Amino acid sequence: MIRLTFEAFDPGALLTAFCQGRAEVGAVATFTGLARAEAGATQTLELEAYPGFTEAAIGKVADQARGRFGLADLEIVHRIGRIAPGEPIVFVATAAGHRREAFEACDFLMDYLKSKAPFWKKEHGPGGPRWIEPSDRDHADLQRWDKDTPP
Amino acid sequence: MARVLLFGRLSDLAGWREREIESPFLSALRTRLTADDPVLGEALAGPGVQVALDQVIVRGDAPLGARTEVAFLPPMSGG
């Protein structure tokens, strides 16, 4: 399931719900990203999505992850709107038969979300607002997955 | 009328987010937007800015229908 939300979410509750009724899965890996304060430079993060387009783009990569890692299931929840430092901004859960596939799929999905997913991120700080674009590190992280199948 | 949408820094730059503009082609729409606001026009042609017509990414020129949604998408950054 892929969901964008203006509301704060509880990653623990999402994980508990995701693990329900999975007698054959064996492995669930999760990642939770928190909004960083950057030592006071960021008072609020603001995330913009393109409704419909953003979910569809993430859905395509989720389908790739399902096939590539043989996932039984996955869930992606992403905040949009204004987010305070310390609040969860993204939650990814992957379910697979064994841990390696679950870990790798979670890592793959996060690398995609950081540099290619259709979101626009603005940092509001003491010096005014600033748009954030992916770092060289984010691009390099995504390229790790190109060796086998382009993401 | 095409429905033009600006995202991220493009909407801040233009001072608007959504506008209805009559234009038969994407190229003509770009010319029109540039004539109205040269700074925006330059930004729309800048590196990493993609265009989606009815939520599908296109490259180069394309005809615009009466109700086409034209979205200008600057470099993306999630997570």
# chains A, B, ... in the order shown; residues from 1 in each chain; ligands from 1
call {"tool": "interface_residues", "arguments": {"of": "chain A", "to": "chain B", "cutoff": "12 Å", "atoms": "only C-alpha atoms", "output": "VMD selection string"}}
result
chain A and resid 4 31 to 36 45 to 58 76 to 80 83 88 to 92 109 to 123 129 to 136 138 to 139
call {"tool": "closest_residue", "arguments": {"among": "B:Glu42, B:Arg3, B:Phe25, B:Arg17", "to": "Arg67 in chain B", "atoms": "only C-alpha atoms"}}
result
B:Arg3
call {"tool": "select_by_dssp", "arguments": {"residues": "chain A", "states": "alpha helix (DSSP H)", "output": "PDB file with N, CA and C atoms, in the first residue's frame"}}
result
ATOM      1  N   PRO A  11       4.969   5.204  13.562  1.00  0.00           N
ATOM      2  CA  PRO A  11       5.598   4.093  12.843  1.00  0.00           C
ATOM      3  C   PRO A  11       5.421   2.756  13.558  1.00  0.00           C
ATOM      4  N   GLY A  12       5.370   2.782  14.896  1.00  0.00           N
ATOM      5  CA  GLY A  12       5.179   1.539  15.646  1.00  0.00           C
ATOM      6  C   GLY A  12       3.829   0.913  15.331  1.00  0.00           C
ATOM      7  N   ALA A  13       2.809   1.744  15.286  1.00  0.00           N
ATOM      8  CA  ALA A  13       1.459   1.239  14.983  1.00  0.00           C
ATOM      9  C   ALA A  13       1.407   0.706  13.550  1.00  0.00           C
ATOM     10  N   LEU A  14       2.099   1.372  12.635  1.00  0.00           N
ATOM     11  CA  LEU A  14       2.118   0.900  11.235  1.00  0.00           C
ATOM     12  C   LEU A  14       2.806  -0.461  11.145  1.00  0.00           C
ATOM     13  N   LEU A  15       3.920  -0.612  11.890  1.00  0.00           N
ATOM     14  CA  LEU A  15       4.646  -1.886  11.869  1.00  0.00           C
ATOM     15  C   LEU A  15       3.790  -3.011  12.451  1.00  0.00           C
ATOM     16  N   THR A  16       3.136  -2.733  13.585  1.00  0.00           N
ATOM     17  CA  THR A  16       2.281  -3.748  14.213  1.00  0.00           C
ATOM     18  C   THR A  16       1.204  -4.208  13.237  1.00  0.00           C
ATOM     19  N   ALA A  17       0.560  -3.246  12.581  1.00  0.00           N
ATOM     20  CA  ALA A  17      -0.508  -3.593  11.638  1.00  0.00           C
ATOM     21  C   ALA A  17       0.056  -4.369  10.449  1.00  0.00           C
ATOM     22  N   PHE A  18       1.258  -3.976   9.994  1.00  0.00           N
ATOM     23  CA  PHE A  18       1.865  -4.619   8.816  1.00  0.00           C
ATOM     24  C   PHE A  18       2.221  -6.086   9.103  1.00  0.00           C
ATOM     25  N   CYS A  19       2.572  -6.385  10.356  1.00  0.00           N
ATOM     26  CA  CYS A  19       2.990  -7.749  10.723  1.00  0.00           C
ATOM     27  C   CYS A  19       1.815  -8.690  10.972  1.00  0.00           C
ATOM     28  N   PHE A  53       0.008  11.611  -9.580  1.00  0.00           N
ATOM     29  CA  PHE A  53       1.284  11.361 -10.263  1.00  0.00           C
ATOM     30  C   PHE A  53       2.305  10.774  -9.286  1.00  0.00           C
ATOM     31  N   THR A  54       2.372  11.362  -8.090  1.00  0.00           N
ATOM     32  CA  THR A  54       3.360  10.913  -7.106  1.00  0.00           C
ATOM     33  C   THR A  54       3.089   9.465  -6.689  1.00  0.00           C
ATOM     34  N   GLU A  55       1.837   9.144  -6.369  1.00  0.00           N
ATOM     35  CA  GLU A  55       1.494   7.773  -5.961  1.00  0.00           C
ATOM     36  C   GLU A  55       1.778   6.795  -7.101  1.00  0.00           C
ATOM     37  N   ALA A  56       1.448   7.199  -8.344  1.00  0.00           N
ATOM     38  CA  ALA A  56       1.650   6.301  -9.484  1.00  0.00           C
ATOM     39  C   ALA A  56       3.145   6.034  -9.697  1.00  0.00           C
ATOM     40  N   ALA A  57       3.974   7.086  -9.566  1.00  0.00           N
ATOM     41  CA  ALA A  57       5.420   6.925  -9.766  1.00  0.00           C
ATOM     42  C   ALA A  57       6.008   6.007  -8.691  1.00  0.00           C
ATOM     43  N   ILE A  58       5.592   6.190  -7.452  1.00  0.00           N
ATOM     44  CA  ILE A  58       6.089   5.324  -6.372  1.00  0.00           C
ATOM     45  C   ILE A  58       5.585   3.895  -6.603  1.00  0.00           C
ATOM     46  N   GLY A  59       4.343   3.778  -7.090  1.00  0.00           N
ATOM     47  CA  GLY A  59       3.755   2.458  -7.352  1.00  0.00           C
ATOM     48  C   GLY A  59       4.556   1.665  -8.374  1.00  0.00           C
ATOM     49  N   LYS A  60       5.076   2.348  -9.397  1.00  0.00           N
ATOM     50  CA  LYS A  60       5.877   1.653 -10.419  1.00  0.00           C
ATOM     51  C   LYS A  60       7.145   1.081  -9.800  1.00  0.00           C
ATOM     52  N   VAL A  61       7.803   1.877  -8.937  1.00  0.00           N
ATOM     53  CA  VAL A  61       9.034   1.398  -8.313  1.00  0.00           C
ATOM     54  C   VAL A  61       8.730   0.312  -7.285  1.00  0.00           C
ATOM     55  N   ALA A  62       7.584   0.431  -6.634  1.00  0.00           N
ATOM     56  CA  ALA A  62       7.173  -0.615  -5.695  1.00  0.00           C
ATOM     57  C   ALA A  62       6.973  -1.936  -6.442  1.00  0.00           C
ATOM     58  N   ASP A  63       6.409  -1.872  -7.641  1.00  0.00           N
ATOM     59  CA  ASP A  63       6.230  -3.092  -8.449  1.00  0.00           C
ATOM     60  C   ASP A  63       7.584  -3.686  -8.828  1.00  0.00           C
ATOM     61  N   GLN A  64       8.546  -2.811  -9.170  1.00  0.00           N
ATOM     62  CA  GLN A  64       9.904  -3.304  -9.472  1.00  0.00           C
ATOM     63  C   GLN A  64      10.483  -4.020  -8.254  1.00  0.00           C
ATOM     64  N   ALA A  65      10.301  -3.411  -7.090  1.00  0.00           N
ATOM     65  CA  ALA A  65      10.852  -4.002  -5.861  1.00  0.00           C
ATOM     66  C   ALA A  65      10.198  -5.351  -5.575  1.00  0.00           C
ATOM     67  N   ARG A  66       8.891  -5.441  -5.791  1.00  0.00           N
ATOM     68  CA  ARG A  66       8.185  -6.709  -5.576  1.00  0.00           C
ATOM     69  C   ARG A  66       8.792  -7.815  -6.430  1.00  0.00           C
ATOM     70  N   GLY A  67       9.034  -7.485  -7.723  1.00  0.00           N
ATOM     71  CA  GLY A  67       9.572  -8.481  -8.640  1.00  0.00           C
ATOM     72  C   GLY A  67      11.036  -8.792  -8.354  1.00  0.00           C
ATOM     73  N   ARG A  68      11.809  -7.743  -8.165  1.00  0.00           N
ATOM     74  CA  ARG A  68      13.256  -7.919  -8.024  1.00  0.00           C
ATOM     75  C   ARG A  68      13.637  -8.674  -6.754  1.00  0.00           C
ATOM     76  N   PHE A  69      12.907  -8.401  -5.661  1.00  0.00           N
ATOM     77  CA  PHE A  69      13.272  -9.007  -4.371  1.00  0.00           C
ATOM     78  C   PHE A  69      12.275 -10.084  -3.937  1.00  0.00           C
ATOM     79  N   ARG A  99      15.301 -12.614   5.423  1.00  0.00           N
ATOM     80  CA  ARG A  99      15.674 -11.246   5.800  1.00  0.00           C
ATOM     81  C   ARG A  99      16.424 -10.480   4.719  1.00  0.00           C
ATOM     82  N   ARG A 100      17.329 -11.148   3.968  1.00  0.00           N
ATOM     83  CA  ARG A 100      18.156 -10.414   3.009  1.00  0.00           C
ATOM     84  C   ARG A 100      17.291  -9.646   2.010  1.00  0.00           C
ATOM     85  N   GLU A 101      16.294 -10.327   1.465  1.00  0.00           N
ATOM     86  CA  GLU A 101      15.414  -9.694   0.479  1.00  0.00           C
ATOM     87  C   GLU A 101      14.640  -8.530   1.114  1.00  0.00           C
ATOM     88  N   ALA A 102      14.202  -8.733   2.349  1.00  0.00           N
ATOM     89  CA  ALA A 102      13.434  -7.672   3.026  1.00  0.00           C
ATOM     90  C   ALA A 102      14.308  -6.437   3.257  1.00  0.00           C
ATOM     91  N   PHE A 103      15.547  -6.660   3.757  1.00  0.00           N
ATOM     92  CA  PHE A 103      16.475  -5.536   3.995  1.00  0.00           C
ATOM     93  C   PHE A 103      16.787  -4.805   2.683  1.00  0.00           C
ATOM     94  N   GLU A 104      17.148  -5.597   1.674  1.00  0.00           N
ATOM     95  CA  GLU A 104      17.584  -4.984   0.415  1.00  0.00           C
ATOM     96  C   GLU A 104      16.457  -4.215  -0.263  1.00  0.00           C
ATOM     97  N   ALA A 105      15.262  -4.750  -0.221  1.00  0.00           N
ATOM     98  CA  ALA A 105      14.123  -4.071  -0.848  1.00  0.00           C
ATOM     99  C   ALA A 105      13.839  -2.749  -0.138  1.00  0.00           C
ATOM    100  N   CYS A 106      13.970  -2.746   1.170  1.00  0.00           N
ATOM    101  CA  CYS A 106      13.720  -1.540   1.967  1.00  0.00           C
ATOM    102  C   CYS A 106      14.763  -0.477   1.602  1.00  0.00           C
ATOM    103  N   ASP A 107      16.015  -0.880   1.497  1.00  0.00           N
ATOM    104  CA  ASP A 107      17.134  -0.007   1.140  1.00  0.00           C
ATOM    105  C   ASP A 107      16.921   0.565  -0.280  1.00  0.00           C
ATOM    106  N   PHE A 108      16.571  -0.302  -1.208  1.00  0.00           N
ATOM    107  CA  PHE A 108      16.298   0.078  -2.604  1.00  0.00           C
ATOM    108  C   PHE A 108      15.171   1.117  -2.676  1.00  0.00           C
ATOM    109  N   LEU A 109      14.086   0.851  -1.978  1.00  0.00           N
ATOM    110  CA  LEU A 109      12.938   1.776  -2.014  1.00  0.00           C
ATOM    111  C   LEU A 109      13.311   3.133  -1.429  1.00  0.00           C
ATOM    112  N   MET A 110      14.093   3.140  -0.351  1.00  0.00           N
ATOM    113  CA  MET A 110      14.475   4.421   0.249  1.00  0.00           C
ATOM    114  C   MET A 110      15.405   5.215  -0.664  1.00  0.00           C
ATOM    115  N   ASP A 111      16.343   4.517  -1.345  1.00  0.00           N
ATOM    116  CA  ASP A 111      17.236   5.230  -2.267  1.00  0.00           C
ATOM    117  C   ASP A 111      16.426   5.885  -3.378  1.00  0.00           C
ATOM    118  N   TYR A 112      15.414   5.172  -3.862  1.00  0.00           N
ATOM    119  CA  TYR A 112      14.541   5.759  -4.883  1.00  0.00           C
ATOM    120  C   TYR A 112      13.793   6.971  -4.313  1.00  0.00           C
ATOM    121  N   LEU A 113      13.197   6.789  -3.147  1.00  0.00           N
ATOM    122  CA  LEU A 113      12.380   7.872  -2.569  1.00  0.00           C
ATOM    123  C   LEU A 113      13.214   9.132  -2.330  1.00  0.00           C
ATOM    124  N   LYS A 114      14.494   8.953  -1.941  1.00  0.00           N
ATOM    125  CA  LYS A 114      15.332  10.119  -1.623  1.00  0.00           C
ATOM    126  C   LYS A 114      15.684  10.959  -2.840  1.00  0.00           C
ATOM    127  N   SER A 115      15.854  10.322  -4.002  1.00  0.00           N
ATOM    128  CA  SER A 115      16.358  11.125  -5.118  1.00  0.00           C
ATOM    129  C   SER A 115      15.465  11.164  -6.348  1.00  0.00           C
ATOM    130  N   ASP A 136      24.621  14.755  -3.919  1.00  0.00           N
ATOM    131  CA  ASP A 136      25.432  13.810  -4.708  1.00  0.00           C
ATOM    132  C   ASP A 136      25.386  12.431  -4.058  1.00  0.00           C
ATOM    133  N   ARG A 137      25.371  12.428  -2.737  1.00  0.00           N
ATOM    134  CA  ARG A 137      25.313  11.163  -1.996  1.00  0.00           C
ATOM    135  C   ARG A 137      24.020  10.408  -2.328  1.00  0.00           C
ATOM    136  N   ASP A 138      22.903  11.157  -2.408  1.00  0.00           N
ATOM    137  CA  ASP A 138      21.609  10.519  -2.734  1.00  0.00           C
ATOM    138  C   ASP A 138      21.668   9.878  -4.123  1.00  0.00           C
ATOM    139  N   HIS A 139      22.265  10.597  -5.098  1.00  0.00           N
ATOM    140  CA  HIS A 139      22.356  10.055  -6.463  1.00  0.00           C
ATOM    141  C   HIS A 139      23.261   8.821  -6.490  1.00  0.00           C
ATOM    142  N   ALA A 140      24.390   8.897  -5.759  1.00  0.00           N
ATOM    143  CA  ALA A 140      25.328   7.769  -5.725  1.00  0.00           C
ATOM    144  C   ALA A 140      24.654   6.554  -5.086  1.00  0.00           C
ATOM    145  N   ASP A 141      23.858   6.799  -4.050  1.00  0.00           N
ATOM    146  CA  ASP A 141      23.154   5.694  -3.378  1.00  0.00           C
ATOM    147  C   ASP A 141      22.221   4.991  -4.356  1.00  0.00           C
ATOM    148  N   LEU A 142      21.521   5.771  -5.172  1.00  0.00           N
ATOM    149  CA  LEU A 142      20.564   5.172  -6.110  1.00  0.00           C
ATOM    150  C   LEU A 142      21.307   4.379  -7.196  1.00  0.00           C
ATOM    151  N   GLN A 143      22.481   4.905  -7.607  1.00  0.00           N
ATOM    152  CA  GLN A 143      23.229   4.231  -8.686  1.00  0.00           C
ATOM    153  C   GLN A 143      23.739   2.853  -8.282  1.00  0.00           C
TER     154      GLN A 143
END
call {"tool": "atom_distance", "arguments": {"atom1": "CA of His124 in chain A", "atom2": "CA of Leu44 in chain B"}}
result
23.7 Å
call {"tool": "select_by_dssp", "arguments": {"residues": "range 36-131 of chain A", "states": "strand (DSSP E)", "output": "count of residues only"}}
result
36
